[in-house]
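**Student:** Contents of model-v9.txt (compact mmCIF, C-alpha atoms and all ligand atoms) are below:
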```txt
# COMPACT_ATOMS: atom_id res chain seq x y z
CA MET X 177 -12.31 21.48 11.02
CA SER X 178 -14.53 20.12 8.19
CA LYS X 179 -13.07 20.43 4.71
CA ILE X 180 -16.43 20.20 2.95
CA PRO X 181 -16.47 23.40 0.91
CA LYS X 182 -19.06 25.90 2.07
CA ASN X 183 -18.33 28.38 -0.70
CA THR X 184 -19.31 31.20 1.63
CA ILE X 185 -18.13 34.67 0.66
CA LEU X 186 -15.91 35.72 3.55
CA SER X 187 -15.27 39.23 2.28
CA LYS X 188 -16.01 41.45 -0.68
CA GLN X 189 -14.24 44.62 -1.73
CA ARG X 190 -14.73 46.97 -4.68
CA LEU X 191 -11.37 47.46 -6.42
CA ALA X 192 -12.45 49.58 -9.39
CA LYS X 193 -15.52 50.34 -11.50
CA ALA X 194 -17.53 47.08 -11.75
CA THR X 195 -14.55 45.09 -10.41
CA TYR X 196 -14.73 43.23 -7.09
CA GLU X 197 -12.41 41.09 -5.00
CA PHE X 198 -13.91 38.15 -3.10
CA TRP X 199 -12.38 35.79 -0.56
CA ILE X 200 -14.26 32.49 -0.63
CA ASP X 201 -14.31 29.77 1.99
CA ASN X 202 -13.12 26.58 0.23
CA ALA X 203 -10.22 24.61 1.76
CA LEU X 204 -9.99 22.15 -1.15
CA VAL X 205 -9.29 24.90 -3.68
CA ALA X 206 -7.05 26.81 -1.25
CA GLU X 207 -4.86 23.77 -0.50
CA ASN X 208 -4.48 22.56 -4.08
CA ALA X 209 -4.32 25.71 -6.21
CA LYS X 210 -1.16 26.56 -8.15
CA PRO X 211 -0.40 29.78 -10.06
CA GLY X 212 -2.19 29.90 -13.42
CA GLN X 213 -5.15 27.73 -12.39
CA PHE X 214 -8.81 28.67 -12.30
CA VAL X 215 -12.17 27.59 -10.88
CA ILE X 216 -15.59 27.29 -12.50
CA ILE X 217 -18.28 28.98 -10.42
CA ARG X 218 -22.04 28.69 -10.48
CA THR X 219 -23.58 31.50 -8.48
CA SER X 220 -27.07 29.98 -8.37
CA GLU X 221 -28.68 26.62 -9.22
CA LYS X 222 -29.82 27.76 -12.67
CA GLY X 223 -26.76 29.92 -13.24
CA GLU X 224 -24.19 29.64 -16.01
CA ARG X 225 -20.79 28.15 -15.14
CA ILE X 226 -18.11 30.84 -15.38
CA PRO X 227 -14.34 30.36 -15.30
CA ILE X 228 -12.46 32.70 -12.94
CA THR X 229 -8.74 32.69 -12.11
CA ILE X 230 -7.54 31.88 -8.57
CA ALA X 231 -5.79 35.14 -7.66
CA ASP X 232 -4.44 34.11 -4.23
CA THR X 233 -4.94 31.58 -1.43
CA GLN X 234 -4.73 31.46 2.34
CA GLU X 235 -5.72 28.82 4.85
CA ASN X 236 -9.18 27.47 3.88
CA ALA X 237 -9.95 30.33 1.49
CA PHE X 238 -9.09 31.65 -1.96
CA ARG X 239 -9.33 35.00 -3.68
CA ILE X 240 -10.93 35.93 -7.00
CA VAL X 241 -11.21 39.27 -8.76
CA VAL X 242 -14.22 39.60 -11.03
CA LYS X 243 -15.21 42.21 -13.58
CA ALA X 244 -18.96 42.45 -14.17
CA VAL X 245 -19.30 42.28 -17.97
CA GLY X 246 -22.48 40.25 -18.54
CA LYS X 247 -25.33 38.37 -16.86
CA SER X 248 -23.32 35.84 -14.81
CA THR X 249 -20.51 38.13 -13.69
CA ILE X 250 -23.06 40.81 -12.70
CA GLU X 251 -25.00 38.18 -10.71
CA LEU X 252 -21.76 37.13 -8.97
CA CYS X 253 -20.73 40.72 -8.25
CA MET X 254 -24.13 41.36 -6.62
CA LYS X 255 -23.38 38.73 -3.95
CA ASN X 256 -22.20 39.96 -0.57
CA ALA X 257 -20.12 38.69 2.35
CA GLY X 258 -21.96 35.95 4.24
CA GLU X 259 -23.79 34.67 1.13
CA GLN X 260 -22.97 31.29 -0.43
CA LEU X 261 -22.10 30.47 -4.04
CA TYR X 262 -23.99 27.48 -5.44
CA ASP X 263 -20.97 25.42 -6.53
CA ILE X 264 -17.31 25.70 -7.34
CA VAL X 265 -15.19 23.23 -9.34
CA GLY X 266 -11.43 23.42 -9.21
CA PRO X 267 -8.57 24.04 -9.25
CA LEU X 268 -8.74 23.45 -13.02
CA GLY X 269 -6.23 23.77 -15.85
CA LYS X 270 -2.50 23.22 -16.00
CA PRO X 271 -0.44 25.36 -13.62
CA SER X 272 2.02 27.92 -15.05
CA GLU X 273 5.49 26.54 -15.84
CA ILE X 274 7.38 28.20 -13.00
CA ASP X 275 11.17 27.91 -13.38
CA CYS X 276 14.28 30.06 -13.23
CA TYR X 277 14.45 31.61 -16.72
CA GLY X 278 16.52 34.71 -15.88
CA ASP X 279 14.75 37.88 -16.97
CA VAL X 280 10.95 37.56 -17.09
CA LEU X 281 8.54 40.20 -18.37
CA ILE X 282 5.04 40.02 -16.88
CA ILE X 283 2.22 41.93 -18.59
CA GLY X 284 -1.26 42.35 -17.11
CA GLY X 285 -4.16 44.29 -18.60
CA GLY X 286 -7.39 45.26 -16.80
CA VAL X 287 -8.80 42.48 -14.63
CA GLY X 288 -6.05 40.22 -16.09
CA ILE X 289 -3.75 41.93 -13.55
CA ALA X 290 -5.29 39.74 -10.82
CA ALA X 291 -4.49 36.59 -12.80
CA ILE X 292 -0.79 37.42 -13.27
CA LEU X 293 -0.15 38.34 -9.61
CA PRO X 294 0.38 34.75 -8.29
CA ILE X 295 2.41 33.87 -11.41
CA ALA X 296 4.68 36.92 -10.96
CA LYS X 297 5.19 36.12 -7.25
CA ALA X 298 6.08 32.48 -7.97
CA LEU X 299 8.53 33.50 -10.72
CA LYS X 300 10.21 35.96 -8.33
CA ASN X 301 10.46 33.24 -5.65
CA ALA X 302 12.02 30.93 -8.27
CA GLY X 303 14.94 33.40 -8.58
CA ASN X 304 13.97 35.36 -11.70
CA LYS X 305 14.43 39.06 -12.34
CA VAL X 306 10.78 40.09 -12.68
CA ARG X 307 9.76 43.17 -14.66
CA VAL X 308 6.03 43.92 -14.52
CA ILE X 309 3.90 46.06 -16.86
CA LEU X 310 0.33 46.83 -15.74
CA GLY X 311 -2.19 48.47 -18.05
CA ALA X 312 -5.64 49.99 -17.54
CA LYS X 313 -7.86 52.37 -19.47
CA THR X 314 -7.49 55.01 -16.74
CA SER X 315 -5.85 55.26 -13.27
CA THR X 316 -9.14 54.57 -11.42
CA GLU X 317 -9.42 51.22 -13.24
CA LEU X 318 -5.93 50.13 -12.24
CA ILE X 319 -6.08 47.31 -9.67
CA LEU X 320 -3.68 45.69 -7.15
CA GLN X 321 -0.71 47.83 -8.16
CA ASP X 322 0.59 47.97 -4.53
CA GLU X 323 0.78 44.18 -4.40
CA PHE X 324 3.53 44.14 -7.05
CA SER X 325 6.09 45.86 -4.79
CA PHE X 326 8.23 42.66 -4.85
CA ALA X 327 8.93 43.17 -8.59
CA ASP X 328 12.35 44.33 -9.74
CA LYS X 329 10.62 46.92 -11.91
CA LEU X 330 7.01 48.06 -12.16
CA VAL X 331 5.77 50.01 -15.19
CA ILE X 332 2.26 51.46 -15.31
CA CYS X 333 0.46 52.31 -18.56
CA THR X 334 -2.91 54.02 -18.88
CA ASP X 335 -4.68 54.56 -22.19
CA ASP X 336 -5.52 58.17 -21.21
CA GLY X 337 -2.16 58.98 -19.55
CA SER X 338 -3.74 59.57 -16.11
CA GLU X 339 -0.91 57.48 -14.58
CA GLY X 340 2.45 56.26 -15.89
CA ILE X 341 3.08 55.91 -19.62
CA LYS X 342 0.26 57.24 -21.84
CA GLY X 343 -0.60 54.25 -24.00
CA THR X 344 -1.33 50.55 -23.83
CA VAL X 345 0.85 47.81 -22.34
CA VAL X 346 2.32 47.42 -25.82
CA ASP X 347 3.96 50.85 -25.44
CA GLY X 348 5.38 49.77 -22.06
CA MET X 349 6.55 46.50 -23.60
CA MET X 350 8.44 48.30 -26.41
CA GLU X 351 10.17 50.58 -23.88
CA GLU X 352 11.30 47.51 -21.88
CA PHE X 353 12.50 45.78 -25.06
CA ASN X 354 14.60 48.88 -25.84
CA LEU X 355 16.38 48.39 -22.49
CA GLU X 356 16.82 44.60 -22.58
CA ASN X 357 15.01 41.66 -24.19
CA PRO X 358 13.50 39.27 -21.60
CA ASN X 359 14.01 35.49 -21.76
CA VAL X 360 10.30 34.77 -21.45
CA ILE X 361 7.04 36.73 -21.23
CA TRP X 362 3.66 36.20 -19.53
CA SER X 363 0.75 38.29 -20.86
CA VAL X 364 -2.82 38.14 -19.47
CA GLY X 365 -5.69 40.47 -20.31
CA PRO X 366 -8.19 41.08 -23.10
CA ALA X 367 -7.70 38.91 -26.21
CA PRO X 368 -6.64 41.84 -28.47
CA MET X 369 -3.95 42.73 -25.90
CA MET X 370 -2.67 39.14 -25.70
CA LYS X 371 -2.65 39.00 -29.52
CA ALA X 372 -0.74 42.31 -29.85
CA THR X 373 1.90 41.31 -27.28
CA SER X 374 2.24 37.85 -28.91
CA MET X 375 2.87 39.41 -32.35
CA ILE X 376 5.78 41.41 -30.91
CA ALA X 377 7.16 38.40 -29.00
CA ALA X 378 7.03 36.41 -32.27
CA GLN X 379 9.04 39.10 -34.09
CA TYR X 380 11.75 38.86 -31.42
CA GLY X 381 11.54 35.04 -31.13
CA ILE X 382 10.72 35.17 -27.39
CA PRO X 383 8.31 32.63 -25.81
CA ILE X 384 5.15 34.29 -24.45
CA TRP X 385 2.58 32.58 -22.23
CA VAL X 386 -0.94 33.91 -22.63
CA SER X 387 -3.91 32.75 -20.53
CA LEU X 388 -6.79 32.26 -22.96
CA ASN X 389 -10.15 33.52 -21.70
CA ALA X 390 -12.17 31.10 -23.88
CA ILE X 391 -15.90 30.64 -23.37
CA MET X 392 -16.23 27.43 -21.34
CA VAL X 393 -19.08 25.06 -20.53
CA ASP X 394 -18.03 21.88 -18.67
CA GLY X 395 -14.35 22.62 -18.04
CA THR X 396 -13.43 18.94 -18.41
CA GLY X 397 -12.43 18.69 -22.08
CA MET X 398 -15.70 16.98 -23.05
CA CYS X 399 -17.90 19.63 -24.71
CA GLY X 400 -15.36 21.20 -27.08
CA GLY X 401 -16.68 24.69 -26.29
CA CYS X 402 -13.26 26.12 -25.43
CA ARG X 403 -11.31 24.70 -28.38
CA VAL X 404 -8.47 26.71 -29.85
CA LEU X 405 -6.32 26.22 -32.93
CA ILE X 406 -2.57 26.07 -32.36
CA ARG X 407 -0.43 26.46 -35.49
CA LYS X 408 3.30 25.71 -35.47
CA GLU X 409 5.97 25.61 -38.23
CA GLU X 410 8.28 22.61 -37.81
CA ASN X 411 11.02 21.93 -40.40
CA GLY X 412 9.13 24.00 -42.98
CA VAL X 413 5.88 22.07 -42.37
CA THR X 414 2.84 23.77 -40.79
CA LYS X 415 1.36 21.65 -38.02
CA GLU X 416 -2.14 22.45 -36.80
CA GLU X 417 -3.56 21.11 -33.56
CA ILE X 418 -6.89 21.58 -31.79
CA LYS X 419 -6.42 22.11 -28.06
CA TYR X 420 -8.93 22.57 -25.25
CA VAL X 421 -8.26 25.60 -23.08
CA CYS X 422 -9.83 24.01 -19.97
CA VAL X 423 -7.59 20.94 -19.86
CA ASP X 424 -4.62 21.70 -22.18
CA GLY X 425 -4.40 25.31 -21.00
CA PRO X 426 -5.35 27.94 -20.05
CA GLU X 427 -1.78 29.00 -20.90
CA PHE X 428 -0.41 28.61 -24.42
CA ASP X 429 2.54 30.12 -26.26
CA GLY X 430 0.80 33.11 -27.86
CA ARG X 431 3.13 32.98 -30.89
CA TYR X 432 1.29 29.86 -32.08
CA VAL X 433 -2.33 30.71 -31.21
CA ASP X 434 -4.64 31.26 -34.22
CA TRP X 435 -5.88 34.60 -32.90
CA GLU X 436 -8.39 35.23 -35.69
CA SER X 437 -10.48 32.13 -34.93
CA PHE X 438 -10.02 32.55 -31.16
CA ILE X 439 -11.36 36.12 -31.17
CA ARG X 440 -14.18 35.12 -33.55
CA ARG X 441 -15.25 32.34 -31.16
CA LEU X 442 -15.34 34.81 -28.23
CA GLN X 443 -17.94 36.84 -30.16
CA GLN X 444 -20.14 33.90 -31.24
CA TYR X 445 -22.82 34.19 -28.54
CA LYS X 446 -22.93 38.01 -28.37
CA GLU X 447 -26.63 38.21 -29.30
CA GLU X 448 -27.67 35.49 -26.79
CA GLU X 449 -25.48 37.08 -24.07
CA GLN X 450 -27.13 40.46 -24.66
CA LYS X 451 -30.62 38.89 -24.43
CA ALA X 452 -29.69 37.00 -21.23
CA LEU X 453 -28.45 40.26 -19.68
CA GLU X 454 -31.60 42.18 -20.69
CA ARG X 455 -33.84 39.42 -19.22
CA PHE X 456 -31.77 39.42 -16.00
CA LEU X 457 -31.94 43.20 -15.60
CA GLU X 458 -35.74 43.36 -16.20
P1 LIG X 501 -21.42 37.14 -21.05
O1 LIG X 501 -22.85 37.53 -21.16
O2 LIG X 501 -21.04 35.73 -21.32
O3 LIG X 501 -20.55 38.13 -21.93
C1 LIG X 501 -20.59 39.56 -21.76
C2 LIG X 501 -19.55 40.19 -22.66
O4 LIG X 501 -18.23 39.71 -22.33
C3 LIG X 501 -19.76 39.87 -24.13
O5 LIG X 501 -19.38 41.02 -24.84
C4 LIG X 501 -18.81 38.73 -24.39
O6 LIG X 501 -18.37 38.71 -25.75
C5 LIG X 501 -17.68 39.00 -23.44
N1 LIG X 501 -17.13 37.75 -22.93
C6 LIG X 501 -17.79 36.62 -22.57
N2 LIG X 501 -16.97 35.67 -22.12
C7 LIG X 501 -15.75 36.20 -22.21
C8 LIG X 501 -14.48 35.75 -21.92
N3 LIG X 501 -14.24 34.53 -21.44
N4 LIG X 501 -13.47 36.60 -22.09
C9 LIG X 501 -13.67 37.85 -22.60
N5 LIG X 501 -14.83 38.34 -22.90
C10 LIG X 501 -15.85 37.54 -22.72
N6 LIG X 501 -12.97 37.21 -15.68
C11 LIG X 501 -12.76 37.93 -14.57
O7 LIG X 501 -13.45 38.93 -14.33
N7 LIG X 501 -11.80 37.57 -13.66
C12 LIG X 501 -11.03 36.48 -13.83
O8 LIG X 501 -10.19 36.17 -12.98
C13 LIG X 501 -11.24 35.69 -15.00
N8 LIG X 501 -10.51 34.59 -15.21
C14 LIG X 501 -10.77 33.80 -16.29
C15 LIG X 501 -10.02 32.63 -16.44
C16 LIG X 501 -10.25 31.81 -17.50
C17 LIG X 501 -9.45 30.54 -17.65
C18 LIG X 501 -11.24 32.14 -18.45
C19 LIG X 501 -11.51 31.20 -19.58
C20 LIG X 501 -11.99 33.31 -18.32
C21 LIG X 501 -11.75 34.16 -17.24
N9 LIG X 501 -12.48 35.33 -17.03
C22 LIG X 501 -12.25 36.09 -15.92
C23 LIG X 501 -13.55 35.76 -17.96
C24 LIG X 501 -14.92 35.38 -17.42
O9 LIG X 501 -15.05 33.98 -17.38
C25 LIG X 501 -16.01 35.97 -18.35
O10 LIG X 501 -15.98 37.38 -18.25
C26 LIG X 501 -17.39 35.48 -17.97
O11 LIG X 501 -17.53 34.12 -18.30
C27 LIG X 501 -18.45 36.27 -18.71
O12 LIG X 501 -19.74 35.78 -18.35
P2 LIG X 501 -21.00 36.74 -18.30
O13 LIG X 501 -22.23 35.88 -18.35
O14 LIG X 501 -20.89 37.71 -17.20
O15 LIG X 501 -20.88 37.57 -19.62
P1 LIG X 502 -9.52 46.57 -20.63
O1 LIG X 502 -10.33 46.50 -21.88
O2 LIG X 502 -9.83 47.61 -19.63
O3 LIG X 502 -7.99 46.66 -21.09
C1 LIG X 502 -6.95 46.71 -20.13
C2 LIG X 502 -5.65 47.08 -20.79
O4 LIG X 502 -5.24 46.09 -21.74
C3 LIG X 502 -5.67 48.38 -21.59
O5 LIG X 502 -5.58 49.52 -20.77
C4 LIG X 502 -4.45 48.21 -22.48
O6 LIG X 502 -3.24 48.48 -21.81
C5 LIG X 502 -4.50 46.71 -22.79
N1 LIG X 502 -5.15 46.50 -24.09
C6 LIG X 502 -6.48 46.35 -24.31
N2 LIG X 502 -6.71 46.20 -25.63
C7 LIG X 502 -5.50 46.27 -26.26
C8 LIG X 502 -5.06 46.20 -27.61
N3 LIG X 502 -5.91 46.02 -28.62
N4 LIG X 502 -3.74 46.32 -27.85
C9 LIG X 502 -2.87 46.50 -26.85
N5 LIG X 502 -3.21 46.57 -25.55
C10 LIG X 502 -4.50 46.48 -25.26
O7 LIG X 502 -9.52 45.16 -19.90
P2 LIG X 502 -10.71 44.47 -19.09
O8 LIG X 502 -12.01 45.02 -19.54
O9 LIG X 502 -10.39 44.49 -17.65
O10 LIG X 502 -10.63 42.98 -19.64
C11 LIG X 502 -9.76 42.08 -19.15
C12 LIG X 502 -9.85 40.79 -19.96
O11 LIG X 502 -8.98 39.86 -19.35
C13 LIG X 502 -11.21 40.15 -20.07
O12 LIG X 502 -11.42 39.89 -21.43
C14 LIG X 502 -11.07 38.85 -19.28
O13 LIG X 502 -11.82 37.81 -19.85
C15 LIG X 502 -9.59 38.59 -19.40
N6 LIG X 502 -9.05 37.79 -18.29
C16 LIG X 502 -8.48 36.63 -18.56
C17 LIG X 502 -8.01 35.83 -17.56
C18 LIG X 502 -7.41 34.52 -17.87
O14 LIG X 502 -6.82 33.89 -17.02
N7 LIG X 502 -7.51 34.05 -19.07
C19 LIG X 502 -8.06 36.26 -16.26
C20 LIG X 502 -8.64 37.47 -15.98
C21 LIG X 502 -9.13 38.23 -17.03
FE1 LIG X 503 -15.82 22.03 -22.50
FE2 LIG X 503 -13.31 22.96 -22.38
S1 LIG X 503 -15.08 23.80 -21.53
S2 LIG X 503 -14.05 21.26 -23.48
```
If you convert what's in this file into structure tokens, what do you get?

**Tutor:**
Amino acid sequence: MSKIPKNTILSKQRLAKATYEFWIDNALVAENAKPGQFVIIRTSEKGERIPITIADTQENAFRIVVKAVGKSTIELCMKNAGEQLYDIVGPLGKPSEIDCYGDVLIIGGGVGIAAILPIAKALKNAGNKVRVILGAKTSTELILQDEFSFADKLVICTDDGSEGIKGTVVDGMMEEFNLENPNVIWSVGPAPMMKATSMIAAQYGIPIWVSLNAIMVDGTGMCGGCRVLIRKEENGVTKEEIKYVCVDGPEFDGRYVDWESFIRRLQQYKEEEQKALERFLE
């Protein structure tokens, strides 16, 4: 069978409000993807290039879960089974550092839950005790919860208390810390969530991998669009480094991310993004 990617959508399923799962025909991505990696998708010839995490693979196809938040993700979520995506580059980024650490705490918020699923599975297969915390605004926005049945413990948090603990994943995290501190943490979701969980991990001195959802352009380390400031104290000296999320990441130890500049950069094109969406919806 030909391995030239067709990028045909094999199936599409609505998982929650504005959130869709797609299986896409692309053997090159399917055969080479490792947990933590992503693809850059262009839906149409004139479309923007958007980074999306590889949520699963099977023979000749891979899965993505997309939340429609702006022009390009809405355009992608309007595509249906049988249609083709214009181009896909990947797998990109460094894979997650899967090893046997002992007790691992996995935290997923919103559509970030799809991104942590392959990481959690790989950590379980590597012999870890895997505790998982999933968070959503409300129970109807909670995705893929049944697919975490392999976990040693699964904790659900909803902001409105419609399922599980009433509160954010931070509340779930504090309850788990009261039982036992993990050896390492993975946390993927909105930037304020990754920042909040990283602040707690820093207080306890526990490494925490966050997957930074930077705005990307080329995905090859050339344009600088996805740069992030990493700040570390070594022997009393503060060391600052610029890293590129697309090639050095997307995972970084959240204790050392300069969250203020990262969150500011996520907001920098808000006006242009709003205009692009309005033009698209006209
Ligand atoms: P825009 O018009 O660009 O933005 C709409 C709104 O979303 C604005 O408020 C804007 O500030 C905000 N926004 C824009 N880009 C981002 C961003 N990267 N993160 C957070 N908010 C943003 N999304 C998924 O749905 N599923 C995934 O699996 C997924 N994986 C990702 C993996 C990586 C490595 C990265 C970097 C991002 C990932 N994202 C994922 C986020 C996704 O790329 C953005 O939501 C998308 O680029 C937004 O494009 P847009 O044109 O639809 O929205
Ligand atoms: P959301 O706004 O619905 O939030 C989901 C949950 O995250 C909340 O229910 C809560 O438990 C937690 N949370 C949110 N804000 C918090 C805060 N300030 N403090 C503590 N906890 C908080 O999530 P969404 O709209 O689905 O957004 C998901 C985000 O994940 C997007 O920004 C997307 O870009 C990002 N993402 C990143 C990747 C990646 O690999 N980098 C992959 C997928 C998604
Ligand atoms: Fe251009 Fe990362 S997207 S350097």

**Student:** Please determine, counting all atoms listed in the file, which residue among X:Pro383, X:Pro368, X:Pro181, X:Pro271 has the shortest atom-to-atom distance to X:Ile439.

**Tutor:**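 When distances to X:Ile439 are compared using all atoms listed in the file, the smallest one comes from X:Pro368.
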
**Student:** Which residue out of X:Val215, X:Cys276, X:Ile332, X:Ile319 has the minimum interatomic distance to X:Ala290 when only C-alpha atoms are used?

**Tutor:** X:Ile319

**Student:** Just want the residues within 12 Å of ligand LIG 503 (chain X), written as a PyMOL selection string, counting all atoms listed in the file.

**Tutor:** chain X and resi 215-216+225-227+268-269+388-404+418-426

**Student:** Under the rule that all atoms listed in the file are counted, which of X:Lys342, X:Lys415, X:Lys297, X:Arg440 is the nearest residue to ligand LIG 502 (chain X)?

**Tutor:**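 Comparing X:Lys342, X:Lys415, X:Lys297, X:Arg440 against ligand LIG 502 (chain X), the winner is X:Lys342.
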
**Student:** Kindly provide, as JSON, numbers by chain, all nucleotide and amino acid residues lying within 6 Å of ligand LIG 501 (chain X), counting all atoms listed in the file.

**Tutor:** {"X": [214, 226, 227, 228, 229, 241, 242, 243, 244, 245, 246, 247, 248, 249, 250, 287, 291, 388, 389, 390, 391, 426, 442, 443, 446, 449]}

**Student:** Can you tell me which residues surround X:Thr334 at a distance of at most 9 Å, considering all atoms listed in the file, apart from same-chain residues fewer than 5 positions away, and format the answer as a tab-separated table (two decimals) with C-alpha atoms, in the coordinates of the input?

**Tutor:**
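Final output, saved to result.tsv:
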```tsv
chain	number	residue	atom	x	y	z
X	310	LEU	CA	0.33	46.83	-15.74
X	311	GLY	CA	-2.19	48.47	-18.05
X	312	ALA	CA	-5.64	49.99	-17.54
X	313	LYS	CA	-7.86	52.37	-19.47
X	314	THR	CA	-7.49	55.01	-16.74
X	315	SER	CA	-5.85	55.26	-13.27
X	318	LEU	CA	-5.93	50.13	-12.24
X	339	GLU	CA	-0.91	57.48	-14.58
X	340	GLY	CA	2.45	56.26	-15.89
X	341	ILE	CA	3.08	55.91	-19.62
X	342	LYS	CA	0.26	57.24	-21.84
X	343	GLY	CA	-0.60	54.25	-24.00
X	344	THR	CA	-1.33	50.55	-23.83
X	345	VAL	CA	0.85	47.81	-22.34
```

**Student:** Neighbouring residues of X:Ile282 were defined as those with any atom within 6 Å, considering only C-alpha atoms; residues of the same chain fewer than 2 positions away were excluded. Please report them as number ranges by chain.

**Tutor:** X: 308, 361-362

**Student:** Between X:Leu330, X:Leu355, X:Ile185, X:Ile295, which one has atoms that come closest to X:Leu252, using all atoms listed in the file?

**Tutor:**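 Under the stated criterion, the closest residue is X:Ile185.
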
**Student:** From the set X:Gly348, X:Pro267, X:Gly288, X:Pro294, which residue has the shortest atom-to-atom contact distance to X:Gln213, counting only C-alpha atoms?

**Tutor:**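 So, comparing all the options, the nearest one is X:Pro267.
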
**Student:** Name the residues in contact with X:Leu320 at a cut-off of 8 Å, using only C-alpha atoms, excluding same-chain residues fewer than 4 positions from it; report them as a PyMOL selection string.

**Tutor:** chain X and resi 191+289-290+324

**Student:** Give me the box for ligand LIG 502 (chain X) as JSON, namely the centre and edge lengths in Å to one decimal of a box along x, y and z that holds every listed atom plus 3 Å on each side.

**Tutor:**
```
{"center_x": -7.4, "center_y": 41.7, "center_z": -22.3, "size_x": 15.1, "size_y": 21.6, "size_z": 18.6}
```

**Student:** Quick one: of X:Gly303, X:Gly430, X:Gly223, X:Gly284, who's nearest to ligand LIG 502 (chain X), counting all atoms listed in the file?

**Tutor:**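 Among the listed residues, X:Gly284 lies closest to ligand LIG 502 (chain X).
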
**Student:** Please indicate the distance in Å from atom CA of X:Leu261 to atom O3 of ligand LIG 502 (chain X), rounded to one decimal place.

**Tutor:** 27.4 Å

**Student:** One decimal, in Å: what's the spacing between atom CA of X:Phe326 and atom CA of X:Glu207?

**Tutor:**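 We find that atom CA of X:Phe326 and atom CA of X:Glu207 lie 23.4 Å from each other.
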
**Student:** So the first atom is atom CA of X:Val433 and the second is atom CA of X:Ala231; what is the distance between them in Å, to one decimal place?

**Tutor:**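 According to the coordinates, atom CA of X:Val433 and atom CA of X:Ala231 are separated by 24.2 Å.
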
**Student:** Quick one: residues within 10 Å of X:Asn202, all atoms listed in the file, excluding same-chain residues fewer than 3 positions away - as a list in words?

**Tutor:** Lys179, Ile180, Pro181, Lys182, Asn183, Thr184, Ile185, Trp199, Val205, Ala206, Glu207, Thr233, Gln234, Glu235, Asn236, Ala237, Phe238 and Ile264 of chain X

**Student:** Counting only C-alpha atoms, which residues sit no farther than 10 Å from the position (-11.4, 40.9, 2.9) in the file's frame? I'd like them as an MDAnalysis selection string.

**Tutor:** chainID X and resid 185:189 197:200 239 257

**Student:** Using all atoms listed in the file, which residues sit within 9 Å of X:Arg407 once same-chain residues fewer than 2 positions away are excluded, as a list in words?

**Tutor:** Leu405, Glu409, Thr414, Lys415, Glu416, Glu417, Ile418, Arg431, Tyr432, Val433 and Asp434 of chain X
